[in-house]
Amino acid sequence: MIQFHQILLLLFTIMIPVVGDELDKMSFSEKHIYINNFQHYVENIFLGFIGAIVQYFMCCSFIEYLNPMPKTKLRVQNILKEIRFGIPQLMFGSFVSMSFYYYIYPYTPYYKYFEIRDYSIHHLIYGVGFHCLWKIFNGYWIHRLLHQRQFYQYIHSIHHSFKEPTSFGYCAGHPLEGFLLGTMILHSAEVLIPIHPLQTMIFGLLFAIKDMLAHDGNILDYEDHYRHHLYYVVNFGNPILDKLFGTSYNPKNYPIKQKCSYISEFKNQNNPLFLKYQ
């Protein structure tokens with residue numbers, strides 16, 4: 001019988017050359033991402049989804065491999081559930097992004113901005129800087145909004161059903177949540193200032209990896225986001241904003257630690273992760 005990992009290996013073998021060929025056609029010298037017709041629009045949705053799937057499985061598998069949390073039956077079941085919720089989210093994200101470039105972006109102020117201007121280091125610096133600040137600030141407050149009762153009940157509770165998430169759970173949630181915290185923030189920046197669309201795509205991939213690490217709960221979870229899933233009302237995003245607005249985790253407010261179900265399976269009790277979540 002064909003095993004799951006053999007199917008994934010076959011898919012990667014087919015998809016990587018296709019995605020690689022498409023990426024070879026793209027560069028900052030191209031000035032713009034063109035979607036010439038409806039057929040091209042549909043093709044780009046498919047290619048974007050394939051690229052997201054490749055990144056999702058390759059990066060999350062590697063991150064999970066490095067995580068010392070015991071691979072218990074419960075954790076494996078949790079990962080499979082996260083994948084079931086995550087894959088449709090990636091498809092929806094690709095659809096929204098390509099729809100933005102096909103239906104909306106041509107009517108915005110900075111469409112084809114780099115047709116008459118060279119993409120310089122100046123554009124890179126202010127574009128990346130603005131994207132970072134825009135994503136961090138809006139991501140924090142939208143996340144806070146999603147914890148309001150109505151939004152939480154119908155949208156954000158799906159993501160919080162994973163109390164002990166893994167990197168695979170970074171995109172496991174309601175499609176509207178993925179839109180609000182992901183594609184909307186990324187593309188709205190392109191409407192406000194001139195940003196090369198290829199930069200947006202690269203930036204989105206890097207932030208996806210950052211979110212994978214945040215849900216992994218290991219040493220690179222610099223936002224300590226894993227505790228957000230344990231306590232719900234702390235560590236909403238950037239540590240500076242959490243501290244500024246009083247939402248950072250304080251052990252004095254939680255004298256009884258929330259324990260992970262995997263802790264009892266740790267063989268090495270001197271492991272930093274065990275000491276952190278015991």
# chains A, B, ... in the order shown; residues from 1 in each chain; ligands from 1

call {"tool": "closest_atom_pairs", "arguments": {"of": "stretch 106-167 of chain A", "to": "stretch 172-180 of chain A", "cutoff": "6 Å", "atoms": "only C-alpha atoms", "output": "CSV"}}
result
residue,atom,partner,partner_atom,distance
A:Ile155,CA,A:His174,CA,5.6
A:Ile158,CA,A:Gly173,CA,5.2
A:His159,CA,A:Gly173,CA,4.4

call {"tool": "residues_around", "arguments": {"residues": "stretch 202-219 of chain A", "least_positions_apart": "5", "cutoff": "6 Å", "atoms": "only C-alpha atoms", "output": "list in words"}}
result
Pro165, Thr166, Ser167, Tyr170, His225 and Tyr226 of chain A

call {"tool": "select_by_dssp", "arguments": {"residues": "stretch 77-148 of chain A", "states": "helix (DSSP H, G or I)", "output": "VMD selection string"}}
result
chain A and resid 77 to 107 113 to 115 121 to 146

call {"tool": "residues_around", "arguments": {"residues": "stretch 75-83 of chain A", "least_positions_apart": "3", "cutoff": "9 Å", "atoms": "only C-alpha atoms", "output": "list in words"}}
result
Met69, Pro70, Lys71, Thr72, Gly86, Ile87, Pro88, Phe162, Glu164, Pro165, Thr166, Ser167, Phe168, Gly169, Tyr170, Cys171, Ala172, Gly173, Ser261 and Tyr262 of chain A

call {"tool": "atom_distance", "arguments": {"atom1": "atom CA of A:His160", "atom2": "atom CA of A:His229"}}
result
6.3 Å

call {"tool": "atom_distance", "arguments": {"atom1": "atom CA of A:Ile63", "atom2": "atom CA of A:Thr247"}}
result
27.1 Å

call {"tool": "residues_around", "arguments": {"residues": "A:Leu145", "least_positions_apart": "6", "cutoff": "12 Å", "atoms": "only C-alpha atoms", "output": "PyMOL selection string"}}
result
chain A and resi 138-139+151-153+155-156+177+180-181+233+236

call {"tool": "atom_distance", "arguments": {"atom1": "atom CA of A:Ile50", "atom2": "atom CA of A:Met184"}}
result
20.5 Å

call {"tool": "closest_residue", "arguments": {"among": "A:Leu146, A:Met98, A:Met201, A:Val191", "to": "A:Ile45", "atoms": "only C-alpha atoms"}}
result
A:Met98

call {"tool": "closest_residue", "arguments": {"among": "A:Ser248, A:Gln39, A:Ser94, A:Gln199", "to": "A:Tyr126", "atoms": "only C-alpha atoms"}}
result
A:Gln199

call {"tool": "residues_around", "arguments": {"residues": "stretch 107-120 of chain A", "least_positions_apart": "2", "cutoff": "6 Å", "atoms": "only C-alpha atoms", "output": "number ranges by chain"}}
result
A: 31, 104-105, 122-123, 194

call {"tool": "write_last_selection", "arguments": {"atoms": "N, CA, C and O atoms", "output": "mmCIF file, in the first residue's frame"}}
result
data_model
loop_
_atom_site.group_PDB
_atom_site.id
_atom_site.type_symbol
_atom_site.label_atom_id
_atom_site.label_comp_id
_atom_site.auth_asym_id
_atom_site.auth_seq_id
_atom_site.Cartn_x
_atom_site.Cartn_y
_atom_site.Cartn_z
ATOM 1 N N LYS A 31 9.190 44.662 -13.500
ATOM 2 C CA LYS A 31 8.385 45.842 -13.161
ATOM 3 C C LYS A 31 7.025 45.529 -12.551
ATOM 4 O O LYS A 31 6.529 46.272 -11.734
ATOM 5 N N ILE A 104 -8.621 44.287 -8.727
ATOM 6 C CA ILE A 104 -8.551 45.511 -7.919
ATOM 7 C C ILE A 104 -7.301 46.338 -8.197
ATOM 8 O O ILE A 104 -7.387 47.550 -8.427
ATOM 9 N N TYR A 105 -6.152 45.700 -8.215
ATOM 10 C CA TYR A 105 -4.891 46.440 -8.292
ATOM 11 C C TYR A 105 -4.778 47.363 -9.511
ATOM 12 O O TYR A 105 -4.214 48.459 -9.407
ATOM 13 N N HIS A 122 16.382 52.051 -2.311
ATOM 14 C CA HIS A 122 15.521 52.967 -1.551
ATOM 15 C C HIS A 122 14.104 52.404 -1.449
ATOM 16 O O HIS A 122 13.505 52.391 -0.375
ATOM 17 N N HIS A 123 13.580 51.914 -2.579
ATOM 18 C CA HIS A 123 12.235 51.331 -2.577
ATOM 19 C C HIS A 123 12.186 50.078 -1.706
ATOM 20 O O HIS A 123 11.202 49.826 -1.013
ATOM 21 N N PRO A 194 3.959 52.851 -2.999
ATOM 22 C CA PRO A 194 4.425 51.985 -4.096
ATOM 23 C C PRO A 194 5.292 50.845 -3.579
ATOM 24 O O PRO A 194 6.383 51.058 -3.042
#

call {"tool": "decode", "arguments": {"residues": "stretch 100-140 of chain A", "atoms": "N, CA and C atoms", "output": "PDB file, in the first residue's frame"}}
result
ATOM      1  N   PHE A 100      -7.056  40.042  -6.149  1.00  0.00           N
ATOM      2  CA  PHE A 100      -6.642  41.426  -5.908  1.00  0.00           C
ATOM      3  C   PHE A 100      -5.863  41.958  -7.104  1.00  0.00           C
ATOM      4  N   TYR A 101      -4.892  41.168  -7.598  1.00  0.00           N
ATOM      5  CA  TYR A 101      -4.068  41.641  -8.712  1.00  0.00           C
ATOM      6  C   TYR A 101      -4.840  41.704 -10.025  1.00  0.00           C
ATOM      7  N   TYR A 102      -5.865  40.890 -10.174  1.00  0.00           N
ATOM      8  CA  TYR A 102      -6.614  40.863 -11.432  1.00  0.00           C
ATOM      9  C   TYR A 102      -7.760  41.875 -11.454  1.00  0.00           C
ATOM     10  N   TYR A 103      -8.498  41.969 -10.343  1.00  0.00           N
ATOM     11  CA  TYR A 103      -9.709  42.782 -10.332  1.00  0.00           C
ATOM     12  C   TYR A 103      -9.540  44.162  -9.676  1.00  0.00           C
ATOM     13  N   ILE A 104      -8.621  44.287  -8.727  1.00  0.00           N
ATOM     14  CA  ILE A 104      -8.551  45.511  -7.919  1.00  0.00           C
ATOM     15  C   ILE A 104      -7.301  46.338  -8.197  1.00  0.00           C
ATOM     16  N   TYR A 105      -6.152  45.700  -8.215  1.00  0.00           N
ATOM     17  CA  TYR A 105      -4.891  46.440  -8.292  1.00  0.00           C
ATOM     18  C   TYR A 105      -4.778  47.363  -9.511  1.00  0.00           C
ATOM     19  N   PRO A 106      -5.301  46.976 -10.690  1.00  0.00           N
ATOM     20  CA  PRO A 106      -5.206  47.879 -11.843  1.00  0.00           C
ATOM     21  C   PRO A 106      -5.898  49.238 -11.634  1.00  0.00           C
ATOM     22  N   TYR A 107      -6.756  49.358 -10.638  1.00  0.00           N
ATOM     23  CA  TYR A 107      -7.474  50.615 -10.393  1.00  0.00           C
ATOM     24  C   TYR A 107      -6.939  51.376  -9.175  1.00  0.00           C
ATOM     25  N   THR A 108      -5.789  50.947  -8.663  1.00  0.00           N
ATOM     26  CA  THR A 108      -5.188  51.602  -7.507  1.00  0.00           C
ATOM     27  C   THR A 108      -4.103  52.585  -7.965  1.00  0.00           C
ATOM     28  N   PRO A 109      -3.703  53.528  -7.097  1.00  0.00           N
ATOM     29  CA  PRO A 109      -2.789  54.607  -7.512  1.00  0.00           C
ATOM     30  C   PRO A 109      -1.423  54.154  -7.997  1.00  0.00           C
ATOM     31  N   TYR A 110      -0.893  53.049  -7.463  1.00  0.00           N
ATOM     32  CA  TYR A 110       0.486  52.672  -7.770  1.00  0.00           C
ATOM     33  C   TYR A 110       0.593  51.478  -8.703  1.00  0.00           C
ATOM     34  N   TYR A 111      -0.464  51.217  -9.439  1.00  0.00           N
ATOM     35  CA  TYR A 111      -0.427  50.158 -10.447  1.00  0.00           C
ATOM     36  C   TYR A 111       0.591  50.538 -11.527  1.00  0.00           C
ATOM     37  N   LYS A 112       1.485  49.620 -11.856  1.00  0.00           N
ATOM     38  CA  LYS A 112       2.550  49.833 -12.848  1.00  0.00           C
ATOM     39  C   LYS A 112       3.459  51.005 -12.477  1.00  0.00           C
ATOM     40  N   TYR A 113       3.581  51.271 -11.192  1.00  0.00           N
ATOM     41  CA  TYR A 113       4.440  52.370 -10.721  1.00  0.00           C
ATOM     42  C   TYR A 113       5.867  52.202 -11.214  1.00  0.00           C
ATOM     43  N   PHE A 114       6.346  50.958 -11.249  1.00  0.00           N
ATOM     44  CA  PHE A 114       7.732  50.716 -11.629  1.00  0.00           C
ATOM     45  C   PHE A 114       7.914  50.527 -13.133  1.00  0.00           C
ATOM     46  N   GLU A 115       6.871  50.812 -13.897  1.00  0.00           N
ATOM     47  CA  GLU A 115       7.017  50.845 -15.348  1.00  0.00           C
ATOM     48  C   GLU A 115       7.898  52.019 -15.772  1.00  0.00           C
ATOM     49  N   ILE A 116       7.819  53.116 -15.035  1.00  0.00           N
ATOM     50  CA  ILE A 116       8.575  54.319 -15.403  1.00  0.00           C
ATOM     51  C   ILE A 116       9.660  54.650 -14.381  1.00  0.00           C
ATOM     52  N   ARG A 117       9.822  53.792 -13.376  1.00  0.00           N
ATOM     53  CA  ARG A 117      10.836  54.014 -12.341  1.00  0.00           C
ATOM     54  C   ARG A 117      11.590  52.720 -12.094  1.00  0.00           C
ATOM     55  N   ASP A 118      12.875  52.833 -11.849  1.00  0.00           N
ATOM     56  CA  ASP A 118      13.666  51.659 -11.490  1.00  0.00           C
ATOM     57  C   ASP A 118      13.394  51.278 -10.046  1.00  0.00           C
ATOM     58  N   TYR A 119      13.379  49.988  -9.807  1.00  0.00           N
ATOM     59  CA  TYR A 119      13.222  49.506  -8.431  1.00  0.00           C
ATOM     60  C   TYR A 119      14.586  49.583  -7.765  1.00  0.00           C
ATOM     61  N   SER A 120      14.736  50.505  -6.826  1.00  0.00           N
ATOM     62  CA  SER A 120      16.036  50.776  -6.213  1.00  0.00           C
ATOM     63  C   SER A 120      16.096  50.244  -4.783  1.00  0.00           C
ATOM     64  N   ILE A 121      17.284  50.328  -4.188  1.00  0.00           N
ATOM     65  CA  ILE A 121      17.463  49.940  -2.791  1.00  0.00           C
ATOM     66  C   ILE A 121      16.611  50.819  -1.881  1.00  0.00           C
ATOM     67  N   HIS A 122      16.382  52.051  -2.311  1.00  0.00           N
ATOM     68  CA  HIS A 122      15.521  52.967  -1.551  1.00  0.00           C
ATOM     69  C   HIS A 122      14.104  52.404  -1.449  1.00  0.00           C
ATOM     70  N   HIS A 123      13.580  51.914  -2.579  1.00  0.00           N
ATOM     71  CA  HIS A 123      12.235  51.331  -2.577  1.00  0.00           C
ATOM     72  C   HIS A 123      12.186  50.078  -1.706  1.00  0.00           C
ATOM     73  N   LEU A 124      13.251  49.290  -1.748  1.00  0.00           N
ATOM     74  CA  LEU A 124      13.301  48.075  -0.951  1.00  0.00           C
ATOM     75  C   LEU A 124      13.261  48.390   0.539  1.00  0.00           C
ATOM     76  N   ILE A 125      14.062  49.370   0.960  1.00  0.00           N
ATOM     77  CA  ILE A 125      14.166  49.690   2.388  1.00  0.00           C
ATOM     78  C   ILE A 125      12.845  50.229   2.931  1.00  0.00           C
ATOM     79  N   TYR A 126      12.287  51.245   2.249  1.00  0.00           N
ATOM     80  CA  TYR A 126      11.054  51.808   2.811  1.00  0.00           C
ATOM     81  C   TYR A 126       9.876  50.858   2.613  1.00  0.00           C
ATOM     82  N   GLY A 127       9.913  50.052   1.551  1.00  0.00           N
ATOM     83  CA  GLY A 127       8.831  49.103   1.321  1.00  0.00           C
ATOM     84  C   GLY A 127       8.799  48.017   2.378  1.00  0.00           C
ATOM     85  N   VAL A 128       9.967  47.430   2.661  1.00  0.00           N
ATOM     86  CA  VAL A 128      10.054  46.381   3.678  1.00  0.00           C
ATOM     87  C   VAL A 128       9.744  46.956   5.059  1.00  0.00           C
ATOM     88  N   GLY A 129      10.286  48.170   5.340  1.00  0.00           N
ATOM     89  CA  GLY A 129      10.026  48.802   6.637  1.00  0.00           C
ATOM     90  C   GLY A 129       8.553  49.066   6.861  1.00  0.00           C
ATOM     91  N   PHE A 130       7.891  49.619   5.843  1.00  0.00           N
ATOM     92  CA  PHE A 130       6.463  49.910   5.976  1.00  0.00           C
ATOM     93  C   PHE A 130       5.653  48.620   6.097  1.00  0.00           C
ATOM     94  N   HIS A 131       6.010  47.628   5.295  1.00  0.00           N
ATOM     95  CA  HIS A 131       5.297  46.353   5.354  1.00  0.00           C
ATOM     96  C   HIS A 131       5.384  45.740   6.747  1.00  0.00           C
ATOM     97  N   CYS A 132       6.576  45.783   7.338  1.00  0.00           N
ATOM     98  CA  CYS A 132       6.763  45.212   8.674  1.00  0.00           C
ATOM     99  C   CYS A 132       5.900  45.934   9.705  1.00  0.00           C
ATOM    100  N   LEU A 133       5.989  47.265   9.728  1.00  0.00           N
ATOM    101  CA  LEU A 133       5.226  48.044  10.702  1.00  0.00           C
ATOM    102  C   LEU A 133       3.722  47.887  10.470  1.00  0.00           C
ATOM    103  N   TRP A 134       3.309  47.889   9.221  1.00  0.00           N
ATOM    104  CA  TRP A 134       1.894  47.748   8.864  1.00  0.00           C
ATOM    105  C   TRP A 134       1.353  46.389   9.314  1.00  0.00           C
ATOM    106  N   LYS A 135       2.145  45.341   9.069  1.00  0.00           N
ATOM    107  CA  LYS A 135       1.732  43.988   9.440  1.00  0.00           C
ATOM    108  C   LYS A 135       1.697  43.816  10.956  1.00  0.00           C
ATOM    109  N   ILE A 136       2.704  44.315  11.651  1.00  0.00           N
ATOM    110  CA  ILE A 136       2.784  44.148  13.101  1.00  0.00           C
ATOM    111  C   ILE A 136       1.657  44.896  13.803  1.00  0.00           C
ATOM    112  N   PHE A 137       1.470  46.182  13.439  1.00  0.00           N
ATOM    113  CA  PHE A 137       0.474  47.012  14.122  1.00  0.00           C
ATOM    114  C   PHE A 137      -0.940  46.520  13.837  1.00  0.00           C
ATOM    115  N   ASN A 138      -1.271  46.339  12.562  1.00  0.00           N
ATOM    116  CA  ASN A 138      -2.625  45.899  12.217  1.00  0.00           C
ATOM    117  C   ASN A 138      -2.889  44.468  12.657  1.00  0.00           C
ATOM    118  N   GLY A 139      -1.859  43.605  12.584  1.00  0.00           N
ATOM    119  CA  GLY A 139      -2.032  42.232  13.023  1.00  0.00           C
ATOM    120  C   GLY A 139      -2.386  42.149  14.495  1.00  0.00           C
ATOM    121  N   TYR A 140      -1.744  43.003  15.301  1.00  0.00           N
ATOM    122  CA  TYR A 140      -2.022  43.005  16.741  1.00  0.00           C
ATOM    123  C   TYR A 140      -3.471  43.404  17.014  1.00  0.00           C
TER     124      TYR A 140
END
